[in-house]
Structure formats: structure tokens, C-alpha cells
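Undergrad: Quick one, data-v4.pdb (PDB, C-alpha atoms):
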ATOM      1  CA  MET A 251     -39.332  29.863  69.688  1.00  0.00           C
ATOM      2  CA  GLU A 252     -41.202  30.980  66.725  1.00  0.00           C
ATOM      3  CA  ASP A 253     -37.891  31.763  65.153  1.00  0.00           C
ATOM      4  CA  GLN A 254     -36.670  28.245  65.664  1.00  0.00           C
ATOM      5  CA  GLU A 255     -39.925  26.835  64.366  1.00  0.00           C
ATOM      6  CA  MET A 256     -39.728  29.078  61.361  1.00  0.00           C
ATOM      7  CA  GLN A 257     -36.133  28.040  60.694  1.00  0.00           C
ATOM      8  CA  LEU A 258     -37.102  24.398  60.989  1.00  0.00           C
ATOM      9  CA  LYS A 259     -39.982  24.842  58.527  1.00  0.00           C
ATOM     10  CA  VAL A 260     -37.766  26.788  56.131  1.00  0.00           C
ATOM     11  CA  ARG A 261     -35.151  24.099  56.403  1.00  0.00           C
ATOM     12  CA  ARG A 262     -37.693  21.337  55.632  1.00  0.00           C
ATOM     13  CA  VAL A 263     -39.025  23.271  52.659  1.00  0.00           C
ATOM     14  CA  THR A 264     -35.520  23.886  51.255  1.00  0.00           C
ATOM     15  CA  ASP A 265     -34.569  20.235  51.819  1.00  0.00           C
ATOM     16  CA  LYS A 266     -37.700  19.062  49.985  1.00  0.00           C
ATOM     17  CA  PHE A 267     -37.066  21.584  47.222  1.00  0.00           C
ATOM     18  CA  THR A 268     -33.446  20.433  46.898  1.00  0.00           C
ATOM     19  CA  GLU A 269     -34.531  16.807  46.826  1.00  0.00           C
ATOM     20  CA  SER A 270     -37.129  17.571  44.156  1.00  0.00           C
ATOM     21  CA  MET A 271     -34.548  19.390  42.042  1.00  0.00           C
ATOM     22  CA  TYR A 272     -32.118  16.514  42.459  1.00  0.00           C
ATOM     23  CA  VAL A 273     -34.766  13.961  41.383  1.00  0.00           C
ATOM     24  CA  LEU A 274     -35.833  16.166  38.482  1.00  0.00           C
ATOM     25  CA  ALA A 275     -32.227  16.707  37.332  1.00  0.00           C
ATOM     26  CA  ASN A 276     -31.487  12.989  37.480  1.00  0.00           C
ATOM     27  CA  GLU A 277     -34.741  11.740  36.048  1.00  0.00           C
ATOM     28  CA  PRO A 278     -34.231   9.109  33.310  1.00  0.00           C
ATOM     29  CA  SER A 279     -35.824  11.249  30.608  1.00  0.00           C
ATOM     30  CA  VAL A 280     -33.397  14.069  31.404  1.00  0.00           C
ATOM     31  CA  ALA A 281     -30.516  11.616  31.264  1.00  0.00           C
ATOM     32  CA  LEU A 282     -31.714  10.359  27.904  1.00  0.00           C
ATOM     33  CA  TYR A 283     -32.005  13.937  26.654  1.00  0.00           C
ATOM     34  CA  ARG A 284     -28.444  14.648  27.738  1.00  0.00           C
ATOM     35  CA  LEU A 285     -27.272  11.441  26.078  1.00  0.00           C
ATOM     36  CA  GLN A 286     -29.068  12.439  22.886  1.00  0.00           C
ATOM     37  CA  GLU A 287     -27.394  15.852  22.945  1.00  0.00           C
ATOM     38  CA  HIS A 288     -24.006  14.247  23.418  1.00  0.00           C
ATOM     39  CA  VAL A 289     -24.576  11.852  20.503  1.00  0.00           C
ATOM     40  CA  ARG A 290     -25.804  14.670  18.274  1.00  0.00           C
ATOM     41  CA  ARG A 291     -22.676  16.709  18.991  1.00  0.00           C
ATOM     42  CA  SER A 292     -20.128  13.905  18.716  1.00  0.00           C
ATOM     43  CA  LEU A 293     -21.624  11.794  15.906  1.00  0.00           C
ATOM     44  CA  PRO A 294     -20.455  13.917  12.924  1.00  0.00           C
ATOM     45  CA  GLU A 295     -16.887  13.846  14.216  1.00  0.00           C
ATOM     46  CA  LEU A 296     -17.069  10.078  14.719  1.00  0.00           C
ATOM     47  CA  VAL A 297     -18.424   9.600  11.192  1.00  0.00           C
ATOM     48  CA  GLN A 298     -15.546  11.682   9.814  1.00  0.00           C
ATOM     49  CA  HIS A 299     -13.043   9.564  11.763  1.00  0.00           C
ATOM     50  CA  LYS A 300     -14.646   6.402  10.412  1.00  0.00           C
ATOM     51  CA  THR A 301     -14.445   7.556   6.782  1.00  0.00           C
ATOM     52  CA  ASP A 302     -10.828   8.648   7.305  1.00  0.00           C
ATOM     53  CA  MET A 303      -9.966   5.251   8.761  1.00  0.00           C
ATOM     54  CA  GLN A 304     -11.654   3.447   5.856  1.00  0.00           C
ATOM     55  CA  SER A 305      -9.695   5.549   3.384  1.00  0.00           C
ATOM     56  CA  TRP A 306      -6.432   4.826   5.212  1.00  0.00           C
ATOM     57  CA  GLU A 307      -7.303   1.141   5.295  1.00  0.00           C
ATOM     58  CA  GLU A 308      -7.850   1.092   1.513  1.00  0.00           C
ATOM     59  CA  GLN A 309      -4.537   2.867   0.945  1.00  0.00           C
ATOM     60  CA  SER A 310      -2.792   0.467   3.307  1.00  0.00           C
ATOM     61  CA  GLN A 311      -4.305  -2.558   1.566  1.00  0.00           C
ATOM     62  CA  GLY A 312      -3.080  -1.209  -1.771  1.00  0.00           C
ATOM     63  CA  ALA A 313       0.410  -0.651  -0.404  1.00  0.00           C
ATOM     64  CA  ILE A 314       0.466  -4.111   1.178  1.00  0.00           C
ATOM     65  CA  TYR A 315      -0.581  -5.681  -2.128  1.00  0.00           C
ATOM     66  CA  SER A 316       2.161  -3.777  -3.953  1.00  0.00           C
ATOM     67  CA  VAL A 317       4.814  -4.873  -1.453  1.00  0.00           C
ATOM     68  CA  GLU A 318       3.692  -8.497  -1.581  1.00  0.00           C
ATOM     69  CA  TYR A 319       3.730  -8.417  -5.385  1.00  0.00           C
ATOM     70  CA  ALA A 320       7.227  -6.906  -5.382  1.00  0.00           C
ATOM     71  CA  CYS A 321       8.441  -9.550  -2.918  1.00  0.00           C
ATOM     72  CA  SER A 322       7.078 -12.359  -5.077  1.00  0.00           C
ATOM     73  CA  ALA A 323       8.744 -10.808  -8.145  1.00  0.00           C
ATOM     74  CA  VAL A 324      12.088 -10.659  -6.324  1.00  0.00           C
ATOM     75  CA  LYS A 325      11.705 -14.281  -5.203  1.00  0.00           C
ATOM     76  CA  SER A 326      10.905 -15.290  -8.779  1.00  0.00           C
ATOM     77  CA  MET A 327      14.006 -13.481  -9.981  1.00  0.00           C
ATOM     78  CA  THR A 328      16.122 -15.287  -7.398  1.00  0.00           C
ATOM     79  CA  ASN A 329      14.688 -18.615  -8.489  1.00  0.00           C
ATOM     80  CA  SER A 330      15.322 -17.788 -12.145  1.00  0.00           C
ATOM     81  CA  SER A 331      19.108 -17.471 -11.774  1.00  0.00           C
ATOM     82  CA  LEU A 332      19.447 -20.985 -13.215  1.00  0.00           C
ATOM     83  CA  TYR A 333      17.612 -19.865 -16.352  1.00  0.00           C
ATOM     84  CA  PHE A 334      19.835 -16.805 -16.663  1.00  0.00           C
ATOM     85  CA  LYS A 335      22.917 -19.033 -16.404  1.00  0.00           C
ATOM     86  CA  ASN A 336      21.534 -21.235 -19.182  1.00  0.00           C
ATOM     87  CA  ILE A 337      20.824 -18.184 -21.325  1.00  0.00           C
ATOM     88  CA  ASP A 338      24.358 -16.912 -20.686  1.00  0.00           C
ATOM     89  CA  GLY A 339      25.818 -20.241 -21.772  1.00  0.00           C
ATOM     90  CA  LEU A 340      23.682 -20.333 -24.917  1.00  0.00           C
ATOM     91  CA  LEU A 341      24.651 -16.757 -25.807  1.00  0.00           C
ATOM     92  CA  ARG A 342      28.337 -17.609 -25.406  1.00  0.00           C
ATOM     93  CA  GLN A 343      27.871 -20.636 -27.656  1.00  0.00           C
ATOM     94  CA  ALA A 344      26.049 -18.510 -30.251  1.00  0.00           C
ATOM     95  CA  ILE A 345      28.832 -15.888 -30.206  1.00  0.00           C
ATOM     96  CA  SER A 346      31.463 -18.603 -30.565  1.00  0.00           C
ATOM     97  CA  MET A 347      29.612 -20.177 -33.498  1.00  0.00           C
ATOM     98  CA  LYS A 348      29.188 -16.769 -35.132  1.00  0.00           C
ATOM     99  CA  GLU A 349      32.936 -16.167 -34.836  1.00  0.00           C
ATOM    100  CA  GLN A 350      33.667 -19.598 -36.323  1.00  0.00           C
ATOM    101  CA  ILE A 351      31.307 -18.931 -39.220  1.00  0.00           C
ATOM    102  CA  SER A 352      32.816 -15.488 -39.781  1.00  0.00           C
ATOM    103  CA  ASN A 353      36.337 -16.934 -39.697  1.00  0.00           C
ATOM    104  CA  SER A 354      35.496 -19.756 -42.118  1.00  0.00           C
ATOM    105  CA  GLN A 355      33.729 -17.345 -44.479  1.00  0.00           C
ATOM    106  CA  GLY A 356      36.733 -15.039 -44.317  1.00  0.00           C
ATOM    107  CA  ARG A 357      39.078 -17.918 -45.213  1.00  0.00           C
ATOM    108  CA  ARG A 358      36.823 -19.008 -48.063  1.00  0.00           C
ATOM    109  CA  LYS A 359      36.655 -15.466 -49.404  1.00  0.00           C
ATOM    110  CA  ARG A 360      40.450 -15.102 -49.192  1.00  0.00           C
ATOM    111  CA  THR A 361      40.876 -18.470 -50.871  1.00  0.00           C
ATOM    112  CA  MET A 362      38.432 -17.501 -53.607  1.00  0.00           C
ATOM    113  CA  ASP A 363      40.031 -14.083 -54.041  1.00  0.00           C
ATOM    114  CA  SER A 364      43.510 -15.583 -54.324  1.00  0.00           C
ATOM    115  CA  GLY A 365      42.160 -18.237 -56.688  1.00  0.00           C
ATOM    116  CA  MET A 366      40.630 -15.568 -58.890  1.00  0.00           C
ATOM    117  CA  LEU A 367      43.864 -13.663 -58.904  1.00  0.00           C
ATOM    118  CA  LYS A 368      45.700 -16.788 -60.012  1.00  0.00           C
ATOM    119  CA  GLU A 369      43.130 -17.456 -62.732  1.00  0.00           C
ATOM    120  CA  GLY A 370      43.153 -13.870 -63.780  1.00  0.00           C
ATOM    121  CA  GLY A 371      46.931 -13.837 -63.893  1.00  0.00           C
ATOM    122  CA  GLU A 372      47.046 -16.993 -65.974  1.00  0.00           C
ATOM    123  CA  ARG A 373      44.583 -15.568 -68.442  1.00  0.00           C
ATOM    124  CA  HIS A 374      46.692 -12.468 -68.739  1.00  0.00           C
ATOM    125  CA  ASN A 375      49.869 -14.444 -69.182  1.00  0.00           C
ATOM    126  CA  SER A 376      48.393 -16.864 -71.707  1.00  0.00           C
ATOM    127  CA  GLY A 377      46.872 -14.052 -73.677  1.00  0.00           C
ATOM    128  CA  MET A 378      50.214 -12.430 -74.293  1.00  0.00           C
TER     129      MET A 378
END
Could you render the structure from this file as C-alpha cells?
TA:
Amino acid sequence: MEDQEMQLKVRRVTDKFTESMYVLANEPSVALYRLQEHVRRSLPELVQHKTDMQSWEEQSQGAIYSVEYACSAVKSMTNSSLYFKNIDGLLRQAISMKEQISNSQGRRKRTMDSGMLKEGGERHNSGM
């Protein structure tokens, strides 16, 4: 009987001890300590991730700006086809006028050259 009593007392003591350990292990201050440890370990990595993400965001914003600028330039070029057609027409007119001027100057020069030859020939003939 003493054995059973002793076992019962030992059991009560171990149950109380286990309960005390459980309460102590799950006490709010212990939980806060564990939370603090977790934050201390994981915070530097989170800060590094944040700075990496900010850097990637800046690079992405720059790339997006470049693409939008290129798209607007292409749209402007598409809209300017009318101007290019006008320029083409004006260049063709200028080339045509240049050819006409060159042709008329060439005729004048030939006419003057042949006129000088005639005058020069007459002077030679009259001088003899």
C-alpha cells in the first residue's frame, strides 16, 4: 500500500512539475523572447530583400520609361509619313528644276560658244 501511495505522490509531483514547466515554457515573456530572436535572425535578410526589390523596381521603371518613349517615337514617325511625302515631292521638284536650269545653261553656253566661233571666224576672214 505504501508503494501505491508513493507512486500516487510521485505521480502528482511529476504532473505538477510538468504543468509548471509547460506554463513556464509558454509564458508570454518567453514567447516574446522567442519572437524577438526570430526577428533578430530574419530581419537582415528581409532588409536585403527589400533593397534588392527597390533596386529592381528602379531598373524596371527606367526600362518602362524607355519603352514608352520608344513607342511614342514610333507613333510620331508613323504620323509623320505625310510630311515625308511632302518632302519627297519637294525634293523631286527641286531636282527637276535643277535639271532644267542645267539644261538651259548648257544651251546658253553652247549658243554663246557657237556665236563666239562665228564672230571669231568672221574676224579672221575679214582680216585677210
Undergrad: Can you sort out the box for stretch 317-336 of chain A, edges along x, y and z, all listed atoms in, 6 Å on every side, with centre and edge lengths in Å to one decimal, as lines of an AutoDock Vina configuration file?
TA:
center_x = 13.3
center_y = -13.1
center_z = -10.3
size_x = 31.2
size_y = 28.4
size_z = 29.7
Undergrad: Grab the atom CA of A:Leu274 to atom CA of A:Met256 distance for me, in Å with one decimal place.
TA: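 Answer for the atom CA of A:Leu274 to atom CA of A:Met256 separation: 26.6 Å.
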Undergrad: Figure out the distance between atom CA of A:Val324 and atom CA of A:Ser305, please, to one decimal in Å.
TA: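 About the pair atom CA of A:Ser305 and atom CA of A:Val324: they are 28.8 Å apart.
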